[in-house]
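**Student:** So I've got this file, coords24.txt, and it contains compact mmCIF, N, CA and C atoms and all ligand atoms:
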# COMPACT_ATOMS: atom_id res chain seq x y z
N MET A 297 79.62 -39.62 -18.06
CA MET A 297 81.02 -39.22 -18.32
C MET A 297 81.81 -39.14 -17.01
N SER A 298 82.98 -39.75 -16.97
CA SER A 298 83.76 -39.72 -15.76
C SER A 298 84.83 -38.62 -15.80
N GLU A 299 85.11 -38.07 -16.96
CA GLU A 299 86.11 -37.00 -17.04
C GLU A 299 85.53 -35.69 -16.54
N ASN A 300 86.24 -35.04 -15.64
CA ASN A 300 85.77 -33.80 -15.03
C ASN A 300 85.50 -32.72 -16.06
N LYS A 301 86.38 -32.63 -17.07
CA LYS A 301 86.26 -31.54 -18.04
C LYS A 301 84.96 -31.69 -18.85
N ASN A 302 84.42 -32.91 -18.81
CA ASN A 302 83.18 -33.13 -19.57
C ASN A 302 81.93 -32.90 -18.73
N ILE A 303 82.13 -32.62 -17.44
CA ILE A 303 80.97 -32.37 -16.59
C ILE A 303 80.35 -31.03 -16.98
N ASP A 304 79.07 -31.07 -17.24
CA ASP A 304 78.36 -29.85 -17.61
C ASP A 304 77.88 -29.15 -16.35
N LEU A 305 78.41 -27.95 -16.12
CA LEU A 305 78.01 -27.23 -14.91
C LEU A 305 76.66 -26.55 -15.07
N LYS A 306 76.14 -26.60 -16.28
CA LYS A 306 74.82 -26.00 -16.51
C LYS A 306 73.75 -26.97 -16.03
N CYS A 307 72.80 -26.48 -15.24
CA CYS A 307 71.74 -27.34 -14.72
C CYS A 307 70.84 -27.81 -15.87
N PRO A 308 70.62 -29.13 -15.98
CA PRO A 308 69.77 -29.63 -17.06
C PRO A 308 68.29 -29.28 -16.87
N TYR A 309 67.91 -28.86 -15.66
CA TYR A 309 66.50 -28.55 -15.37
C TYR A 309 66.18 -27.09 -15.56
N CYS A 310 67.08 -26.20 -15.08
CA CYS A 310 66.77 -24.78 -15.16
C CYS A 310 67.81 -23.96 -15.91
N GLY A 311 68.94 -24.57 -16.20
CA GLY A 311 69.95 -23.86 -16.98
C GLY A 311 70.88 -22.98 -16.15
N ALA A 312 70.65 -22.91 -14.82
CA ALA A 312 71.53 -22.11 -13.97
C ALA A 312 72.88 -22.82 -13.81
N LEU A 313 73.87 -22.08 -13.36
CA LEU A 313 75.20 -22.65 -13.18
C LEU A 313 75.27 -23.42 -11.86
N ARG A 314 75.66 -24.68 -11.93
CA ARG A 314 75.74 -25.50 -10.71
C ARG A 314 77.16 -25.45 -10.15
N HIS A 315 77.31 -25.89 -8.91
CA HIS A 315 78.67 -25.96 -8.35
C HIS A 315 78.86 -27.30 -7.64
N ILE A 316 80.12 -27.67 -7.47
CA ILE A 316 80.45 -28.92 -6.79
C ILE A 316 80.58 -28.62 -5.30
N ASP A 317 79.93 -29.42 -4.46
CA ASP A 317 79.95 -29.12 -3.02
C ASP A 317 81.34 -29.35 -2.42
N SER A 318 81.55 -28.85 -1.20
CA SER A 318 82.89 -28.83 -0.61
C SER A 318 83.44 -30.23 -0.34
N ASN A 319 82.57 -31.24 -0.26
CA ASN A 319 83.05 -32.61 -0.05
C ASN A 319 83.27 -33.37 -1.36
N PHE A 320 83.09 -32.66 -2.45
CA PHE A 320 83.24 -33.27 -3.78
C PHE A 320 82.31 -34.48 -3.96
N GLU A 321 81.11 -34.38 -3.41
CA GLU A 321 80.18 -35.51 -3.50
C GLU A 321 79.02 -35.24 -4.46
N PHE A 322 78.61 -33.98 -4.56
CA PHE A 322 77.45 -33.64 -5.38
C PHE A 322 77.71 -32.41 -6.24
N ILE A 323 77.03 -32.42 -7.39
CA ILE A 323 76.95 -31.19 -8.19
C ILE A 323 75.59 -30.60 -7.86
N VAL A 324 75.58 -29.38 -7.35
CA VAL A 324 74.35 -28.81 -6.81
C VAL A 324 73.94 -27.57 -7.59
N CYS A 325 72.63 -27.49 -7.87
CA CYS A 325 72.10 -26.26 -8.44
C CYS A 325 71.41 -25.49 -7.31
N GLU A 326 71.93 -24.29 -7.04
CA GLU A 326 71.34 -23.51 -5.95
C GLU A 326 70.02 -22.87 -6.37
N TYR A 327 69.84 -22.79 -7.71
CA TYR A 327 68.63 -22.11 -8.19
C TYR A 327 67.39 -22.98 -8.02
N CYS A 328 67.47 -24.24 -8.54
CA CYS A 328 66.29 -25.11 -8.44
C CYS A 328 66.47 -26.24 -7.43
N GLY A 329 67.67 -26.34 -6.86
CA GLY A 329 67.90 -27.34 -5.81
C GLY A 329 68.26 -28.72 -6.33
N ALA A 330 68.31 -28.92 -7.65
CA ALA A 330 68.66 -30.23 -8.21
C ALA A 330 70.11 -30.57 -7.88
N SER A 331 70.33 -31.84 -7.54
CA SER A 331 71.70 -32.25 -7.30
C SER A 331 71.91 -33.64 -7.86
N GLU A 332 73.12 -33.90 -8.29
CA GLU A 332 73.45 -35.25 -8.74
C GLU A 332 74.82 -35.62 -8.21
N PRO A 333 75.07 -36.92 -7.98
CA PRO A 333 76.37 -37.32 -7.44
C PRO A 333 77.49 -36.90 -8.39
N TYR A 334 78.54 -36.47 -7.79
CA TYR A 334 79.69 -36.03 -8.56
C TYR A 334 80.77 -37.10 -8.46
N ARG A 335 81.19 -37.61 -9.59
CA ARG A 335 82.25 -38.62 -9.58
C ARG A 335 83.52 -37.97 -10.09
N GLU A 336 84.53 -38.03 -9.24
CA GLU A 336 85.79 -37.44 -9.62
C GLU A 336 86.52 -38.35 -10.60
N SER A 337 87.12 -37.80 -11.57
CA SER A 337 88.02 -38.57 -12.41
C SER A 337 89.32 -38.77 -11.63
N GLU A 338 90.11 -39.72 -12.03
CA GLU A 338 91.40 -39.96 -11.37
C GLU A 338 92.25 -38.69 -11.40
N LYS A 339 92.19 -38.03 -12.53
CA LYS A 339 92.98 -36.81 -12.71
C LYS A 339 92.58 -35.76 -11.67
N VAL A 340 91.26 -35.59 -11.51
CA VAL A 340 90.75 -34.61 -10.54
C VAL A 340 91.11 -35.03 -9.12
N LYS A 341 90.97 -36.35 -8.87
CA LYS A 341 91.29 -36.88 -7.54
C LYS A 341 92.76 -36.59 -7.20
N ILE A 342 93.63 -36.90 -8.17
CA ILE A 342 95.07 -36.68 -7.97
C ILE A 342 95.34 -35.19 -7.75
N GLU A 343 94.67 -34.38 -8.57
CA GLU A 343 94.87 -32.92 -8.47
C GLU A 343 94.42 -32.42 -7.08
N ARG A 344 93.29 -32.97 -6.63
CA ARG A 344 92.76 -32.56 -5.33
C ARG A 344 93.72 -32.99 -4.21
N MET A 345 94.21 -34.25 -4.30
CA MET A 345 95.15 -34.74 -3.29
C MET A 345 96.43 -33.92 -3.30
N ARG A 346 96.84 -33.57 -4.51
CA ARG A 346 98.08 -32.79 -4.64
C ARG A 346 97.90 -31.42 -3.96
N SER A 347 96.76 -30.79 -4.24
CA SER A 347 96.55 -29.45 -3.68
C SER A 347 96.35 -29.54 -2.16
N GLN A 348 95.70 -30.64 -1.72
CA GLN A 348 95.55 -30.83 -0.26
C GLN A 348 96.92 -31.01 0.40
N THR A 349 97.76 -31.84 -0.27
CA THR A 349 99.10 -32.07 0.26
C THR A 349 99.89 -30.77 0.31
N GLU A 350 99.76 -29.98 -0.77
CA GLU A 350 100.46 -28.70 -0.82
C GLU A 350 100.00 -27.79 0.32
N ARG A 351 98.68 -27.78 0.53
CA ARG A 351 98.13 -26.95 1.61
C ARG A 351 98.65 -27.42 2.97
N GLN A 352 98.70 -28.76 3.13
CA GLN A 352 99.19 -29.35 4.39
C GLN A 352 100.66 -28.97 4.61
N ILE A 353 101.44 -29.08 3.52
CA ILE A 353 102.86 -28.74 3.62
C ILE A 353 103.03 -27.27 4.00
N ALA A 354 102.23 -26.41 3.35
CA ALA A 354 102.30 -24.98 3.65
C ALA A 354 101.94 -24.72 5.11
N ALA A 355 100.89 -25.44 5.58
CA ALA A 355 100.46 -25.26 6.98
C ALA A 355 101.55 -25.75 7.93
N ASP A 356 102.14 -26.92 7.61
CA ASP A 356 103.23 -27.46 8.44
C ASP A 356 104.40 -26.49 8.48
N LYS A 357 104.71 -25.95 7.29
CA LYS A 357 105.83 -25.03 7.19
C LYS A 357 105.58 -23.79 8.06
N ALA A 358 104.34 -23.28 7.96
CA ALA A 358 103.97 -22.10 8.75
C ALA A 358 104.08 -22.42 10.24
N GLN A 359 103.64 -23.64 10.60
CA GLN A 359 103.69 -24.06 12.01
C GLN A 359 105.14 -24.11 12.50
N VAL A 360 106.00 -24.73 11.66
CA VAL A 360 107.42 -24.84 12.01
C VAL A 360 108.04 -23.45 12.15
N GLN A 361 107.66 -22.55 11.21
CA GLN A 361 108.20 -21.20 11.27
C GLN A 361 107.76 -20.49 12.55
N LYS A 362 106.47 -20.70 12.89
CA LYS A 362 105.92 -20.08 14.09
C LYS A 362 106.67 -20.59 15.33
N GLU A 363 106.87 -21.92 15.36
CA GLU A 363 107.58 -22.51 16.51
C GLU A 363 109.01 -22.01 16.57
N THR A 364 109.64 -21.89 15.37
CA THR A 364 111.01 -21.39 15.32
C THR A 364 111.07 -19.97 15.87
N GLU A 365 110.08 -19.14 15.48
CA GLU A 365 110.05 -17.77 15.98
C GLU A 365 109.90 -17.74 17.50
N LEU A 366 109.02 -18.63 18.01
CA LEU A 366 108.80 -18.69 19.46
C LEU A 366 110.08 -19.09 20.17
N LYS A 367 110.77 -20.11 19.62
CA LYS A 367 112.04 -20.57 20.22
C LYS A 367 113.07 -19.45 20.20
N LYS A 368 113.09 -18.73 19.04
CA LYS A 368 114.04 -17.62 18.92
C LYS A 368 113.79 -16.58 20.00
N ALA A 369 112.49 -16.26 20.18
CA ALA A 369 112.11 -15.26 21.18
C ALA A 369 112.53 -15.75 22.58
N GLU A 370 112.30 -17.07 22.81
CA GLU A 370 112.66 -17.66 24.10
C GLU A 370 114.17 -17.53 24.35
N ILE A 371 114.94 -17.91 23.31
CA ILE A 371 116.41 -17.84 23.40
C ILE A 371 116.84 -16.39 23.65
N ASN A 372 116.17 -15.47 22.93
CA ASN A 372 116.45 -14.05 23.10
C ASN A 372 116.24 -13.62 24.54
N ASN A 373 115.10 -14.05 25.10
CA ASN A 373 114.77 -13.71 26.48
C ASN A 373 115.83 -14.23 27.43
N VAL A 374 116.19 -15.53 27.24
CA VAL A 374 117.18 -16.16 28.13
C VAL A 374 118.51 -15.43 28.01
N SER A 375 118.92 -15.14 26.76
CA SER A 375 120.23 -14.51 26.61
C SER A 375 120.21 -13.10 27.17
N GLN A 376 119.00 -12.46 27.08
CA GLN A 376 118.90 -11.11 27.66
C GLN A 376 119.02 -11.17 29.18
N SER A 377 118.39 -12.20 29.79
CA SER A 377 118.54 -12.30 31.25
C SER A 377 119.97 -12.61 31.63
N ILE A 378 120.63 -13.45 30.80
CA ILE A 378 122.04 -13.76 31.09
C ILE A 378 122.88 -12.49 31.00
N MET A 379 122.60 -11.69 29.93
CA MET A 379 123.34 -10.44 29.77
C MET A 379 123.08 -9.51 30.96
N GLY A 380 121.81 -9.47 31.38
CA GLY A 380 121.46 -8.64 32.55
C GLY A 380 122.21 -9.10 33.78
N GLY A 381 122.27 -10.44 33.97
CA GLY A 381 122.99 -11.01 35.10
C GLY A 381 124.46 -10.66 35.05
N LEU A 382 125.05 -10.80 33.85
CA LEU A 382 126.47 -10.47 33.69
C LEU A 382 126.72 -9.00 33.99
N GLU A 383 125.79 -8.14 33.53
CA GLU A 383 125.92 -6.71 33.78
C GLU A 383 125.92 -6.43 35.29
N LEU A 384 124.99 -7.11 35.99
CA LEU A 384 124.91 -6.96 37.45
C LEU A 384 126.22 -7.41 38.10
N LEU A 385 126.73 -8.57 37.64
CA LEU A 385 128.00 -9.08 38.19
C LEU A 385 129.12 -8.08 37.96
N ASN A 386 129.17 -7.51 36.73
CA ASN A 386 130.19 -6.51 36.42
C ASN A 386 130.08 -5.30 37.33
N LYS A 387 128.81 -4.85 37.53
CA LYS A 387 128.59 -3.69 38.40
C LYS A 387 129.03 -4.01 39.82
N GLY A 388 128.69 -5.24 40.27
CA GLY A 388 129.10 -5.68 41.61
C GLY A 388 130.61 -5.66 41.75
N ASP A 389 131.29 -6.21 40.72
CA ASP A 389 132.76 -6.22 40.73
C ASP A 389 133.30 -4.80 40.80
N GLU A 390 132.67 -3.92 40.00
CA GLU A 390 133.11 -2.52 39.96
C GLU A 390 132.99 -1.89 41.34
N ILE A 391 131.83 -2.12 41.98
CA ILE A 391 131.58 -1.55 43.31
C ILE A 391 132.60 -2.09 44.31
N ILE A 392 132.86 -3.43 44.22
CA ILE A 392 133.81 -4.04 45.15
C ILE A 392 135.20 -3.45 44.95
N SER A 393 135.63 -3.30 43.67
CA SER A 393 136.98 -2.79 43.46
C SER A 393 137.09 -1.32 43.86
N LYS A 394 136.00 -0.54 43.65
CA LYS A 394 136.00 0.87 44.09
C LYS A 394 136.09 0.94 45.61
N THR A 395 135.27 0.10 46.27
CA THR A 395 135.27 0.06 47.73
C THR A 395 136.67 -0.30 48.25
N ARG A 396 137.30 -1.29 47.58
CA ARG A 396 138.64 -1.70 47.99
C ARG A 396 139.62 -0.53 47.88
N SER A 397 139.53 0.20 46.77
CA SER A 397 140.50 1.28 46.58
C SER A 397 140.25 2.41 47.58
N VAL A 398 138.97 2.66 47.91
CA VAL A 398 138.65 3.67 48.93
C VAL A 398 139.19 3.22 50.29
N MET A 399 138.97 1.93 50.62
CA MET A 399 139.44 1.40 51.89
C MET A 399 140.97 1.50 51.97
N ARG A 400 141.64 1.19 50.85
CA ARG A 400 143.10 1.25 50.81
C ARG A 400 143.56 2.68 51.11
N THR A 401 142.87 3.64 50.46
CA THR A 401 143.21 5.05 50.67
C THR A 401 143.02 5.44 52.13
N ILE A 402 141.87 5.01 52.72
CA ILE A 402 141.58 5.33 54.12
C ILE A 402 142.64 4.72 55.04
N PHE A 403 142.96 3.43 54.78
CA PHE A 403 143.97 2.77 55.63
C PHE A 403 145.33 3.43 55.50
N ALA A 404 145.69 3.82 54.25
CA ALA A 404 146.97 4.49 54.03
C ALA A 404 146.99 5.81 54.81
N GLY A 405 145.84 6.54 54.78
CA GLY A 405 145.73 7.82 55.50
C GLY A 405 145.89 7.60 57.00
N ILE A 406 145.17 6.60 57.53
CA ILE A 406 145.24 6.30 58.96
C ILE A 406 146.67 5.93 59.35
N PHE A 407 147.31 5.13 58.50
CA PHE A 407 148.68 4.71 58.76
C PHE A 407 149.61 5.92 58.80
N MET A 408 149.43 6.85 57.81
CA MET A 408 150.29 8.04 57.74
C MET A 408 150.08 8.90 58.98
N ILE A 409 148.82 9.11 59.36
CA ILE A 409 148.50 9.92 60.56
C ILE A 409 149.12 9.28 61.79
N GLY A 410 148.99 7.93 61.90
CA GLY A 410 149.58 7.18 63.00
C GLY A 410 151.08 7.36 63.05
N LEU A 411 151.69 7.30 61.88
CA LEU A 411 153.15 7.44 61.79
C LEU A 411 153.58 8.84 62.25
N ILE A 412 152.82 9.86 61.78
CA ILE A 412 153.13 11.25 62.14
C ILE A 412 153.00 11.44 63.66
N ILE A 413 151.90 10.92 64.23
CA ILE A 413 151.68 11.02 65.69
C ILE A 413 152.82 10.32 66.43
N PHE A 414 153.19 9.13 65.92
CA PHE A 414 154.29 8.38 66.54
C PHE A 414 155.59 9.20 66.49
N LEU A 415 155.88 9.83 65.35
CA LEU A 415 157.10 10.62 65.19
C LEU A 415 157.10 11.81 66.15
N ILE A 416 155.92 12.49 66.25
CA ILE A 416 155.80 13.65 67.15
C ILE A 416 156.07 13.21 68.60
N ILE A 417 155.40 12.09 68.99
CA ILE A 417 155.59 11.57 70.35
C ILE A 417 157.06 11.20 70.58
N ALA A 418 157.65 10.53 69.56
CA ALA A 418 159.05 10.13 69.67
C ALA A 418 159.94 11.36 69.84
N LEU A 419 159.63 12.41 69.06
CA LEU A 419 160.41 13.66 69.13
C LEU A 419 160.29 14.28 70.53
N VAL A 420 159.02 14.35 71.01
CA VAL A 420 158.78 14.96 72.33
C VAL A 420 159.50 14.18 73.42
N ILE A 421 159.35 12.86 73.39
CA ILE A 421 159.97 12.01 74.40
C ILE A 421 161.51 12.12 74.29
N GLY A 422 162.00 12.13 73.06
CA GLY A 422 163.44 12.22 72.79
C GLY A 422 164.02 13.51 73.35
N ARG A 423 163.29 14.62 73.10
CA ARG A 423 163.76 15.92 73.57
C ARG A 423 163.77 15.94 75.11
N HIS A 424 162.82 15.26 75.71
CA HIS A 424 162.65 15.24 77.17
C HIS A 424 163.78 14.48 77.86
N PHE A 425 164.19 13.38 77.21
CA PHE A 425 165.19 12.54 77.87
C PHE A 425 166.63 12.81 77.46
N PHE A 426 166.80 13.34 76.22
CA PHE A 426 168.21 13.52 75.79
C PHE A 426 168.59 14.96 75.65
ZN ZN A 501 68.65 -25.88 -11.65
Just give me the structure as structure tokens.
Ligand SMILES: [Zn+2]
**Tutor:**
Amino acid sequence: MSENKNIDLKCPYCGALRHIDSNFEFIVCEYCGASEPYRESEKVKIERMRSQTERQIAADKAQVQKETELKKAEINNVSQSIMGGLELLNKGDEIISKTRSVMRTIFAGIFMIGLIIFLIIALVIGRHFF
């Protein structure tokens, strides 16, 4: 019989339940060791190919998902470093503008002190000569 459904899994020698080996080549009885070649019907062959294809597709899909996750993580890392860099640049800008405003204040103070000293000197000299 070539139809799978007609294959008798009962061992004709000892009556134990036989199984089909992983390569689909033999029907094996583990109890008494009897084995006979297993011929797949077209239907079984197609079913096996279909399930293999399905398994392959699932594996490919899992692989693609895994790679996508890795790429996502990579992109995340890169964007995080970019954000870190931008933050540093912002901090640098902040420090520069603070320093500028402090310098401006110091220069304004020095200028005012200079002006006051100049006025005092001018007053003293003015009083001396006029
Ligand atoms: Zn047997």
**Student:** Neighbours of ligand ZN 501 (chain A) within 8 Å, counting only C-alpha atoms and all ligand atoms, as a count of residues only?
**Tutor:** 15
**Student:** Could you pull out the strand (DSSP E or B) residues of stretch 298-421 of chain A from DSSP and send them as a list of chain:residue names?
**Tutor:**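 After running DSSP on the backbone, stretch 298-421 of chain A has strand (DSSP E or B) at A:Lys306, A:Leu313, A:His315, A:Ile316, A:Phe322, A:Ile323, A:Val324, A:Ser331, A:Glu332, A:Pro333.
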**Student:** List the residues sitting within 10 Å of (85.2, -31.9, -4.9) in the file's frame, using only C-alpha atoms, as a list in words.
**Tutor:**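 Result, sorted by chain then residue number: His315, Ile316, Asp317, Ser318, Asn319, Phe320, Glu321, Phe322, Ile323, Tyr334, Arg335, Glu336, Val340, Lys341 and Arg344 of chain A.
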**Student:** If I take atom CA of A:Lys339 and atom CA of A:Ala354, how far is one from the other in Å, to one decimal?
**Tutor:** 22.2 Å
**Student:** Quick one: distance from atom CA of A:Glu370 to atom CA of A:Lys357 in Å, one decimal?
**Tutor:**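 Computing the Euclidean distance for atom CA of A:Glu370 and atom CA of A:Lys357 yields 19.7 Å.
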